[in-house]
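Listing of upload_7.cif, mmCIF, C-alpha atoms
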data_upload
loop_
_atom_site.group_PDB
_atom_site.id
_atom_site.type_symbol
_atom_site.label_atom_id
_atom_site.label_comp_id
_atom_site.auth_asym_id
_atom_site.auth_seq_id
_atom_site.Cartn_x
_atom_site.Cartn_y
_atom_site.Cartn_z
ATOM 1 C CA MET A 1 10.847 -13.741 47.730
ATOM 2 C CA PRO A 2 14.207 -15.354 48.600
ATOM 3 C CA ALA A 3 17.232 -13.114 49.037
ATOM 4 C CA ILE A 4 19.328 -15.569 47.009
ATOM 5 C CA GLU A 5 18.046 -18.528 45.006
ATOM 6 C CA ILE A 6 20.637 -20.943 43.600
ATOM 7 C CA ARG A 7 19.361 -23.620 41.219
ATOM 8 C CA ASN A 8 21.456 -26.548 40.004
ATOM 9 C CA VAL A 9 24.614 -24.471 39.463
ATOM 10 C CA GLN A 10 27.448 -26.329 37.786
ATOM 11 C CA LYS A 11 30.897 -25.061 36.868
ATOM 12 C CA ARG A 12 33.971 -26.713 35.370
ATOM 13 C CA TYR A 13 37.511 -25.414 35.003
ATOM 14 C CA LYS A 14 39.041 -27.800 32.459
ATOM 15 C CA ASP A 15 39.297 -31.098 34.373
ATOM 16 C CA VAL A 16 38.112 -29.657 37.704
ATOM 17 C CA HIS A 17 34.378 -29.964 38.408
ATOM 18 C CA ALA A 18 34.199 -27.033 40.840
ATOM 19 C CA LEU A 19 30.414 -27.078 41.354
ATOM 20 C CA LYS A 20 28.266 -30.154 40.818
ATOM 21 C CA GLY A 21 24.680 -28.997 40.755
ATOM 22 C CA VAL A 22 24.502 -26.768 43.836
ATOM 23 C CA SER A 23 20.974 -25.763 44.851
ATOM 24 C CA LEU A 24 19.972 -23.773 47.926
ATOM 25 C CA THR A 25 17.746 -20.881 48.964
ATOM 26 C CA ILE A 26 18.641 -18.089 51.383
ATOM 27 C CA GLU A 27 15.695 -16.170 52.783
ATOM 28 C CA GLU A 28 15.527 -12.418 53.319
ATOM 29 C CA GLY A 29 16.932 -11.338 56.681
ATOM 30 C CA GLU A 30 18.901 -14.533 57.303
ATOM 31 C CA PHE A 31 22.444 -14.678 58.650
ATOM 32 C CA PHE A 32 23.607 -17.606 56.537
ATOM 33 C CA GLY A 33 26.913 -19.482 56.681
ATOM 34 C CA LEU A 34 28.558 -21.112 53.663
ATOM 35 C CA LEU A 35 31.254 -23.453 54.938
ATOM 36 C CA GLY A 36 33.667 -25.933 53.441
ATOM 37 C CA PRO A 37 37.358 -26.804 53.154
ATOM 38 C CA ASN A 38 39.659 -25.150 50.621
ATOM 39 C CA GLY A 39 38.634 -26.216 47.132
ATOM 40 C CA ALA A 40 35.037 -26.983 48.108
ATOM 41 C CA GLY A 41 33.635 -24.443 45.632
ATOM 42 C CA LYS A 42 32.648 -21.561 47.931
ATOM 43 C CA THR A 43 34.586 -18.823 46.127
ATOM 44 C CA THR A 44 33.516 -20.160 42.717
ATOM 45 C CA LEU A 45 29.883 -19.935 43.807
ATOM 46 C CA ILE A 46 30.384 -16.376 45.080
ATOM 47 C CA SER A 47 32.157 -15.419 41.835
ATOM 48 C CA ILE A 48 29.131 -16.608 39.837
ATOM 49 C CA LEU A 49 26.831 -14.736 42.210
ATOM 50 C CA ALA A 50 28.885 -11.565 41.720
ATOM 51 C CA GLY A 51 29.046 -11.914 37.941
ATOM 52 C CA LEU A 52 32.792 -12.535 37.868
ATOM 53 C CA ALA A 53 32.265 -16.034 36.450
ATOM 54 C CA ARG A 54 29.525 -17.648 34.375
ATOM 55 C CA ALA A 55 27.892 -20.925 35.397
ATOM 56 C CA ASP A 56 28.026 -23.740 32.856
ATOM 57 C CA GLN A 57 24.532 -24.740 33.936
ATOM 58 C CA GLY A 58 21.887 -23.519 36.370
ATOM 59 C CA SER A 59 20.973 -20.049 37.588
ATOM 60 C CA ILE A 60 21.295 -17.643 40.514
ATOM 61 C CA ALA A 61 18.866 -14.856 41.381
ATOM 62 C CA VAL A 62 19.256 -12.056 43.944
ATOM 63 C CA LEU A 63 15.883 -10.824 45.221
ATOM 64 C CA GLY A 64 14.322 -12.267 42.085
ATOM 65 C CA HIS A 65 16.861 -10.684 39.699
ATOM 66 C CA ASP A 66 18.816 -13.177 37.606
ATOM 67 C CA VAL A 67 22.540 -12.406 37.842
ATOM 68 C CA VAL A 68 22.929 -12.857 34.061
ATOM 69 C CA THR A 69 19.734 -11.615 32.405
ATOM 70 C CA ASP A 70 18.950 -8.902 34.991
ATOM 71 C CA PHE A 71 22.484 -8.203 36.121
ATOM 72 C CA ARG A 72 22.119 -4.470 36.870
ATOM 73 C CA ALA A 73 19.364 -4.984 39.434
ATOM 74 C CA ALA A 74 21.178 -8.023 40.856
ATOM 75 C CA ARG A 75 24.447 -6.062 41.316
ATOM 76 C CA ARG A 76 22.626 -3.149 42.946
ATOM 77 C CA SER A 77 21.042 -5.541 45.461
ATOM 78 C CA LEU A 78 24.371 -7.110 46.361
ATOM 79 C CA GLY A 79 27.446 -6.046 48.328
ATOM 80 C CA ILE A 80 30.439 -8.394 48.344
ATOM 81 C CA VAL A 81 33.550 -8.259 50.518
ATOM 82 C CA PRO A 82 36.179 -10.259 48.584
ATOM 83 C CA GLN A 83 38.712 -12.563 50.147
ATOM 84 C CA GLU A 84 41.664 -10.786 48.490
ATOM 85 C CA LEU A 85 42.849 -7.297 49.421
ATOM 86 C CA VAL A 86 42.055 -5.247 46.314
ATOM 87 C CA PHE A 87 42.498 -1.462 46.448
ATOM 88 C CA ASP A 88 43.458 1.564 44.366
ATOM 89 C CA PRO A 89 46.715 3.057 45.737
ATOM 90 C CA PHE A 90 46.090 6.540 44.314
ATOM 91 C CA PHE A 91 43.113 7.573 46.476
ATOM 92 C CA THR A 92 42.304 8.242 50.099
ATOM 93 C CA VAL A 93 39.761 6.197 52.027
ATOM 94 C CA ARG A 94 37.021 8.794 51.587
ATOM 95 C CA GLU A 95 37.786 9.199 47.880
ATOM 96 C CA SER A 96 37.624 5.431 47.387
ATOM 97 C CA LEU A 97 34.216 5.279 49.030
ATOM 98 C CA ARG A 98 32.905 8.226 47.019
ATOM 99 C CA ILE A 99 34.091 6.596 43.796
ATOM 100 C CA GLN A 100 32.418 3.344 44.820
ATOM 101 C CA SER A 101 29.207 5.290 45.469
ATOM 102 C CA GLY A 102 29.459 6.776 41.993
ATOM 103 C CA TYR A 103 29.419 3.315 40.427
ATOM 104 C CA PHE A 104 25.852 3.012 41.754
ATOM 105 C CA GLY A 105 24.798 6.544 40.777
ATOM 106 C CA LEU A 106 24.951 7.895 44.346
ATOM 107 C CA ASN A 107 26.295 11.456 44.185
ATOM 108 C CA ARG A 108 25.229 12.714 47.633
ATOM 109 C CA ASN A 109 26.194 9.851 49.878
ATOM 110 C CA ASP A 110 28.586 11.471 52.373
ATOM 111 C CA ASP A 111 26.289 11.049 55.391
ATOM 112 C CA TRP A 112 26.147 7.287 54.903
ATOM 113 C CA ILE A 113 29.885 7.138 54.096
ATOM 114 C CA ASP A 114 30.593 8.921 57.389
ATOM 115 C CA GLU A 115 28.349 6.492 59.283
ATOM 116 C CA VAL A 116 29.981 3.446 57.720
ATOM 117 C CA MET A 117 33.485 4.783 58.463
ATOM 118 C CA ALA A 118 32.495 5.570 62.066
ATOM 119 C CA ASN A 119 31.108 2.061 62.613
ATOM 120 C CA LEU A 120 34.275 0.491 61.175
ATOM 121 C CA ASP A 121 36.645 2.822 63.071
ATOM 122 C CA LEU A 122 37.889 4.380 59.830
ATOM 123 C CA THR A 123 37.084 8.026 60.574
ATOM 124 C CA GLU A 124 40.634 8.909 61.630
ATOM 125 C CA LYS A 125 41.947 7.345 58.398
ATOM 126 C CA ALA A 126 39.419 9.073 56.102
ATOM 127 C CA ASP A 127 42.071 11.258 54.446
ATOM 128 C CA ALA A 128 44.863 8.678 54.498
ATOM 129 C CA ASN A 129 46.076 7.213 51.222
ATOM 130 C CA MET A 130 45.039 3.583 50.735
ATOM 131 C CA ARG A 131 48.610 2.390 50.204
ATOM 132 C CA ALA A 132 49.592 3.795 53.623
ATOM 133 C CA LEU A 133 47.082 1.627 55.501
ATOM 134 C CA SER A 134 47.815 -1.588 57.344
ATOM 135 C CA GLY A 135 46.315 -4.850 56.104
ATOM 136 C CA GLY A 136 43.584 -4.716 58.749
ATOM 137 C CA MET A 137 42.624 -1.164 57.797
ATOM 138 C CA LYS A 138 42.503 -2.089 54.111
ATOM 139 C CA ARG A 139 40.170 -4.944 55.056
ATOM 140 C CA ARG A 140 37.884 -2.438 56.799
ATOM 141 C CA VAL A 141 37.810 -0.297 53.651
ATOM 142 C CA LEU A 142 36.793 -3.331 51.586
ATOM 143 C CA VAL A 143 33.880 -3.882 53.965
ATOM 144 C CA ALA A 144 32.942 -0.196 53.713
ATOM 145 C CA GLN A 145 33.024 -0.345 49.905
ATOM 146 C CA ALA A 146 30.659 -3.313 49.923
ATOM 147 C CA LEU A 147 28.216 -1.418 52.145
ATOM 148 C CA VAL A 148 28.436 2.022 50.560
ATOM 149 C CA HIS A 149 25.299 1.588 48.380
ATOM 150 C CA ARG A 150 23.278 0.044 51.250
ATOM 151 C CA PRO A 151 22.751 -3.335 49.580
ATOM 152 C CA PRO A 152 19.980 -5.517 51.037
ATOM 153 C CA VAL A 153 22.174 -8.631 50.546
ATOM 154 C CA ILE A 154 25.755 -8.659 51.875
ATOM 155 C CA VAL A 155 28.258 -11.439 51.131
ATOM 156 C CA LEU A 156 31.387 -11.673 53.280
ATOM 157 C CA ASP A 157 34.076 -13.974 51.856
ATOM 158 C CA GLU A 158 36.572 -14.671 54.656
ATOM 159 C CA PRO A 159 36.245 -11.094 56.006
ATOM 160 C CA THR A 160 38.349 -11.677 59.143
ATOM 161 C CA ALA A 161 41.149 -13.751 57.612
ATOM 162 C CA GLY A 162 44.436 -12.611 59.117
ATOM 163 C CA VAL A 163 43.035 -9.619 61.004
ATOM 164 C CA ASP A 164 43.174 -8.688 64.675
ATOM 165 C CA VAL A 165 40.603 -9.232 67.386
ATOM 166 C CA GLU A 166 39.608 -5.562 67.452
ATOM 167 C CA LEU A 167 38.555 -5.598 63.797
ATOM 168 C CA ARG A 168 36.596 -8.815 64.267
ATOM 169 C CA GLN A 169 34.646 -7.354 67.162
ATOM 170 C CA THR A 170 34.032 -4.051 65.352
ATOM 171 C CA LEU A 171 32.981 -5.779 62.146
ATOM 172 C CA TRP A 172 30.598 -8.271 63.735
ATOM 173 C CA LYS A 173 28.968 -5.598 65.868
ATOM 174 C CA PHE A 174 28.180 -3.528 62.767
ATOM 175 C CA ILE A 175 27.193 -6.488 60.572
ATOM 176 C CA SER A 176 24.924 -7.882 63.298
ATOM 177 C CA ARG A 177 23.233 -4.492 63.524
ATOM 178 C CA LEU A 178 22.633 -4.469 59.755
ATOM 179 C CA ASN A 179 21.199 -7.978 59.997
ATOM 180 C CA ARG A 180 18.802 -6.879 62.756
ATOM 181 C CA GLU A 181 17.714 -4.025 60.480
ATOM 182 C CA GLY A 182 16.744 -6.544 57.785
ATOM 183 C CA HIS A 183 19.864 -7.042 55.671
ATOM 184 C CA THR A 184 20.606 -10.584 54.534
ATOM 185 C CA ILE A 185 24.151 -11.706 55.428
ATOM 186 C CA VAL A 186 26.037 -14.570 53.764
ATOM 187 C CA LEU A 187 29.316 -15.505 55.430
ATOM 188 C CA THR A 188 32.141 -17.809 54.400
ATOM 189 C CA THR A 189 34.779 -18.346 57.058
ATOM 190 C CA HIS A 190 37.285 -20.866 58.371
ATOM 191 C CA TYR A 191 36.722 -19.487 61.887
ATOM 192 C CA LEU A 192 33.934 -21.891 62.784
ATOM 193 C CA GLU A 193 33.329 -20.287 66.164
ATOM 194 C CA GLU A 194 32.217 -17.174 64.240
ATOM 195 C CA ALA A 195 29.787 -19.188 62.146
ATOM 196 C CA GLU A 196 28.449 -20.999 65.215
ATOM 197 C CA SER A 197 27.724 -17.779 67.108
ATOM 198 C CA LEU A 198 26.456 -15.672 64.181
ATOM 199 C CA CYS A 199 24.725 -17.863 61.601
ATOM 200 C CA ASP A 200 21.111 -18.946 61.878
ATOM 201 C CA ARG A 201 21.520 -21.542 59.142
ATOM 202 C CA LEU A 202 24.449 -23.255 57.446
ATOM 203 C CA ALA A 203 25.316 -24.986 54.203
ATOM 204 C CA MET A 204 28.440 -27.130 54.014
ATOM 205 C CA LEU A 205 30.112 -27.795 50.664
ATOM 206 C CA ARG A 206 32.465 -30.646 49.884
ATOM 207 C CA ARG A 207 34.061 -31.107 46.461
ATOM 208 C CA GLY A 208 31.462 -28.926 44.762
ATOM 209 C CA GLU A 209 28.368 -30.418 46.413
ATOM 210 C CA VAL A 210 26.137 -29.387 49.312
ATOM 211 C CA VAL A 211 26.559 -32.150 51.897
ATOM 212 C CA ALA A 212 24.651 -30.509 54.773
ATOM 213 C CA LEU A 213 22.030 -27.767 54.919
ATOM 214 C CA ASP A 214 20.136 -26.946 58.107
ATOM 215 C CA ARG A 215 19.795 -24.634 61.067
ATOM 216 C CA THR A 216 22.983 -24.323 63.105
ATOM 217 C CA SER A 217 21.225 -25.485 66.278
ATOM 218 C CA THR A 218 19.866 -28.577 64.493
ATOM 219 C CA LEU A 219 23.288 -29.559 63.170
ATOM 220 C CA LEU A 220 24.798 -29.190 66.637
ATOM 221 C CA ARG A 221 22.085 -31.341 68.205
ATOM 222 C CA ARG A 222 22.303 -34.009 65.532
ATOM 223 C CA PHE A 223 26.058 -34.392 65.279
ATOM 224 C CA ALA A 224 27.531 -33.004 68.467
ATOM 225 C CA GLY A 225 26.925 -34.386 71.960
ATOM 226 C CA LEU A 226 29.863 -35.337 74.176
ATOM 227 C CA GLN A 227 33.396 -36.020 73.074
ATOM 228 C CA LEU A 228 36.312 -37.663 74.851
ATOM 229 C CA ALA A 229 39.650 -36.117 73.872
ATOM 230 C CA LEU A 230 42.644 -38.430 74.333
ATOM 231 C CA ARG A 231 46.341 -37.862 73.806
ATOM 232 C CA PHE A 232 48.619 -40.905 73.960
ATOM 233 C CA SER A 233 52.251 -40.865 75.003
ATOM 234 C CA GLN A 234 52.482 -44.369 73.566
ATOM 235 C CA GLY A 235 50.220 -46.748 71.676
ATOM 236 C CA VAL A 236 47.569 -46.248 68.986
ATOM 237 C CA LEU A 237 43.803 -46.105 69.094
ATOM 238 C CA PRO A 238 42.396 -49.640 69.519
ATOM 239 C CA ALA A 239 40.566 -51.008 66.484
ATOM 240 C CA GLY A 240 37.408 -51.479 68.580
ATOM 241 C CA LEU A 241 37.161 -47.700 69.127
ATOM 242 C CA ARG A 242 37.828 -46.470 65.620
ATOM 243 C CA SER A 243 34.124 -46.283 64.743
ATOM 244 C CA LEU A 244 33.777 -43.631 67.498
ATOM 245 C CA ALA A 245 36.542 -41.395 66.116
ATOM 246 C CA ALA A 246 35.435 -37.938 64.989
ATOM 247 C CA ASP A 247 38.246 -38.070 62.414
ATOM 248 C CA PRO A 248 38.505 -41.655 61.115
ATOM 249 C CA ASN A 249 41.561 -40.730 59.023
ATOM 250 C CA ASN A 250 43.614 -40.061 62.165
ATOM 251 C CA VAL A 251 43.420 -43.451 63.877
ATOM 252 C CA ASN A 252 47.225 -43.849 64.047
ATOM 253 C CA GLY A 253 47.917 -40.403 65.501
ATOM 254 C CA GLU A 254 48.638 -39.411 69.090
ATOM 255 C CA GLN A 255 45.505 -37.270 69.629
ATOM 256 C CA HIS A 256 41.901 -38.419 69.150
ATOM 257 C CA SER A 257 38.341 -37.204 69.709
ATOM 258 C CA LEU A 258 35.814 -39.964 70.369
ATOM 259 C CA ARG A 259 32.048 -39.502 70.296
ATOM 260 C CA LEU A 260 30.213 -40.473 73.475
ATOM 261 C CA ASN A 261 26.563 -41.326 74.091
ATOM 262 C CA SER A 262 26.920 -40.591 77.810
ATOM 263 C CA TYR A 263 29.494 -40.219 80.562
ATOM 264 C CA ASP A 264 29.069 -43.938 81.275
ATOM 265 C CA ASP A 265 31.046 -44.681 78.085
ATOM 266 C CA VAL A 266 34.237 -43.146 79.444
ATOM 267 C CA GLU A 267 35.542 -45.888 81.729
ATOM 268 C CA PRO A 268 35.056 -48.790 79.256
ATOM 269 C CA ILE A 269 36.932 -46.772 76.615
ATOM 270 C CA LEU A 270 39.828 -46.016 78.966
ATOM 271 C CA ALA A 271 39.941 -49.641 80.109
ATOM 272 C CA LEU A 272 40.158 -50.895 76.521
ATOM 273 C CA CYS A 273 42.954 -48.422 75.746
ATOM 274 C CA ARG A 274 44.930 -49.600 78.799
ATOM 275 C CA ALA A 275 44.402 -53.238 77.825
ATOM 276 C CA GLU A 276 45.853 -52.452 74.368
ATOM 277 C CA GLY A 277 48.982 -50.941 75.902
ATOM 278 C CA CYS A 278 48.140 -47.260 75.510
ATOM 279 C CA ALA A 279 49.609 -44.713 77.923
ATOM 280 C CA PHE A 280 47.691 -41.452 78.420
ATOM 281 C CA GLU A 281 49.274 -38.034 78.280
ATOM 282 C CA GLU A 282 45.989 -36.089 78.392
ATOM 283 C CA ILE A 283 42.295 -36.911 78.952
ATOM 284 C CA ASP A 284 39.469 -34.394 78.564
ATOM 285 C CA ILE A 285 35.675 -34.590 78.255
ATOM 286 C CA ARG A 286 33.835 -31.762 76.530
ATOM 287 C CA LYS A 287 30.745 -30.862 74.607
ATOM 288 C CA ALA A 288 31.295 -30.851 70.877
ATOM 289 C CA ASP A 289 31.102 -27.619 68.862
ATOM 290 C CA LEU A 290 30.651 -26.687 65.211
ATOM 291 C CA GLU A 291 34.243 -27.603 64.428
ATOM 292 C CA ASP A 292 33.546 -31.170 65.565
ATOM 293 C CA VAL A 293 30.354 -31.254 63.504
ATOM 294 C CA PHE A 294 32.271 -29.928 60.486
ATOM 295 C CA VAL A 295 34.944 -32.629 60.779
ATOM 296 C CA GLN A 296 32.321 -35.367 61.092
ATOM 297 C CA ILE A 297 30.409 -34.181 58.038
ATOM 298 C CA MET A 298 33.488 -33.565 55.881
ATOM 299 C CA ASN A 299 34.782 -37.050 56.657
ATOM 300 C CA GLY A 300 31.392 -38.673 56.116
ATOM 301 C CA PRO A 301 31.004 -41.128 53.244
ATOM 302 C CA GLU A 302 28.125 -39.371 51.463
ATOM 303 C CA VAL A 303 25.709 -36.476 51.336
ATOM 304 C CA ILE A 304 23.659 -36.214 54.512
ATOM 305 C CA GLU A 305 19.990 -36.775 53.794
ATOM 306 C CA GLY A 306 17.118 -34.917 55.355
ATOM 307 C CA LEU A 307 18.913 -31.639 56.051
ATOM 308 C CA ALA A 308 17.049 -28.761 54.458
#
As structure tokens, the full file:
Amino acid sequence: MPAIEIRNVQKRYKDVHALKGVSLTIEEGEFFGLLGPNGAGKTTLISILAGLARADQGSIAVLGHDVVTDFRAARRSLGIVPQELVFDPFFTVRESLRIQSGYFGLNRNDDWIDEVMANLDLTEKADANMRALSGGMKRRVLVAQALVHRPPVIVLDEPTAGVDVELRQTLWKFISRLNREGHTIVLTTHYLEEAESLCDRLAMLRRGEVVALDRTSTLLRRFAGLQLALRFSQGVLPAGLRSLAADPNNVNGEQHSLRLNSYDDVEPILALCRAEGCAFEEIDIRKADLEDVFVQIMNGPEVIEGLA
């Protein structure tokens, strides 16, 4: 049984078609990445999954439980860390977690609360009032609240946005442990290095549609390879090289990334640039990463076929 099954989900907000028939399946135990630029529809999809919004068409099920018709079982199976910092200023950290436990009928949950706080470095702040915490500490409490009922499916919506390196390392260590223990993790993030290192499989959304869906390693092999990074002190990218640009919308800029088939392509490219009057400020050859793949796919003309 899939952890999450999304079937032809559509959603409109007046004139904005936020989701245009999104369909995908996330298997139990996966570490799955949901990527896309701002406005792609990621948060709308998560809101429908969480029951905060209703799809105009289509359905979502969590471990076989429809989020509308079987919402109690779906909510119990799901833990969501929201993008926004939402907290009650009248309670301490421990009180907030106990109250959250109570929403799920868990009255004797202190052992697990203590373990979650210890793994998120919150133990010393257990009796601190929520309004006295820093932004990073409040983010840790949001993660703890999502985990307090031990949900088998955990959704992290930009969990490390604007937080320090220490929290990122602490969070990913704990989340990776939960994933190894069988929890399904769904991550949205703009830190693509996190998605590349953590996620087994990725879906990329663009303007409300899934434009790529495959294993992370497959996407890297298919779209990555070598890239030649150039920075010009004068001149623009020659027209004969624009088809190689990772970002075709930036052909008149000073900095460019060009896709290479092999190292043998480098000298002809440099020679053509010199012949067109370009002066180099910086030249670098590197292997492409998920950020390069993301840019290529987001700037592609259409949905990529054959990725599933």
Taking every listed atom of range 110-118 of chain A and adding 6 Å to each side, what centre and edge lengths in Å (one decimal) does the axis-aligned box have, as AutoDock Vina command-line options?
--center_x 29.8 --center_y 7.5 --center_z 57.2 --size_x 19.3 --size_y 20.0 --size_z 21.7
Could I get the residues of range 129-179 of chain A with an atom no further than 10 Å from an atom of range 38-52 of chain A, each paired with its nearest atom pair and that distance in Å to one decimal, using all atoms listed in the file, sorted by chain and residue number, as JSON lines?
{"residue": "A:Val155", "atom": "CA", "partner": "A:Ile46", "partner_atom": "CA", "distance": 8.1}
{"residue": "A:Leu156", "atom": "CA", "partner": "A:Ile46", "partner_atom": "CA", "distance": 9.5}
{"residue": "A:Asp157", "atom": "CA", "partner": "A:Thr43", "partner_atom": "CA", "distance": 7.5}
{"residue": "A:Glu158", "atom": "CA", "partner": "A:Thr43", "partner_atom": "CA", "distance": 9.7}
Sel. within 6 Å of pt (27.1, -13.3, 56.6), counting all atoms listed in the file, output as a PyMOL selection string: chain A and resi 31-32+155-156+185-187
Counting all atoms listed in the file, the option among A:Gln255, A:Thr189, A:Asn109, A:Asn261 closest to Gly225 in chain A: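 Ranked by minimum distance to Gly225 in chain A, first place goes to A:Asn261.
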d(CA of Cys278 in chain A, CA of Gln234 in chain A) in Å: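 Taking CA of Cys278 in chain A as the start and CA of Gln234 in chain A as the end point, the length is 5.6 Å.
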Contacts of range 80-97 of chain A at 8 Å (all atoms listed in the file; same-chain gap of 2+ positions) as a VMD selection string: chain A and resid 50 78 99 to 101 113 125 to 131 135 138 to 139 141 to 146 148 154 to 159 161
Matched chain/residue IDs from the PyMOL selection byres ((chain A and resi 231) around 10), as number ranges by chain: A: 229-230, 232-237, 253-257, 278-284
Straight-line distance linking CA of Val68 in chain A with CA of Leu19 in chain A, stated in Å to one decimal: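 Calculated distance between CA of Val68 in chain A and CA of Leu19 in chain A is 17.6 Å.
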Who sits within 10 Å of Gly240 in chain A, only C-alpha atoms, same chain under 6 positions skipped, as a list of chain:residue names: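 Counting only the stated atoms, we get A:Ile269, A:Leu272, A:Cys273.
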Closest of A:Gln296, A:Gln227, A:Ser134, A:Thr184 to Ala212 in chain A - atom-to-atom distances counting only C-alpha atoms: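 Result for the nearest residue to Ala212 in chain A: A:Gln296.
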Target residues per the PyMOL selection byres ((chain A and resi 200) around 8), formatted as a ChimeraX atom specification: /A:30-33,198-199,201-202,215-217
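With all atoms listed in the file as the atoms that count, the minimum distance from Arg206 in chain A to the choices A:Ser23, A:Ser262, A:Asn299, A:Thr188 is reached by A:Asn299.
Shown here are all protein and nucleic acid residues lying within 7 Å of (30.7, -24.7, 32.7), with all atoms listed in the file considered: Gln10, Lys11, Arg12, Ala55, Asp56 and Gln57 of chain A.
Every protein, DNA or RNA residue with an atom at most 10 Å from Asp247 in chain A, where all atoms listed in the file count and chain neighbours fewer than 2 positions away do not, is listed here: A:Arg242, A:Ser243, A:Leu244, A:Ala245, A:Asn249, A:Asn250, A:Val251, A:His256, A:Ser257, A:Leu258, A:Asp292, A:Val295, A:Gln296, A:Ile297, A:Met298, A:Asn299, A:Gly300.
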Selection dump of the PyMOL selection byres ((chain A and resi 120) around 12), as a count of residues only: 34
Separation of CA of Pro151 in chain A from CA of His183 in chain A, in Å and rounded to one decimal: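 Between CA of Pro151 in chain A and CA of His183 in chain A the gap works out to 7.7 Å.
Shortest separation to Leu35 in chain A among A:Gly105, A:Gly58, A:Gly79, A:Gly208 occurs at residue A:Gly208, atoms counted being all atoms listed in the file.
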Distance criterion (only C-alpha atoms): nearest to Glu27 in chain A out of A:Leu220, A:Leu228, A:Leu133, A:Ala61: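 Result for the nearest residue to Glu27 in chain A: A:Ala61.
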Which of A:Asp66, A:Asp164, A:Glu209, A:Glu181 sits closest to Asn8 in chain A [using all atoms listed in the file]: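 For Asn8 in chain A, the nearest of the candidates is A:Glu209.
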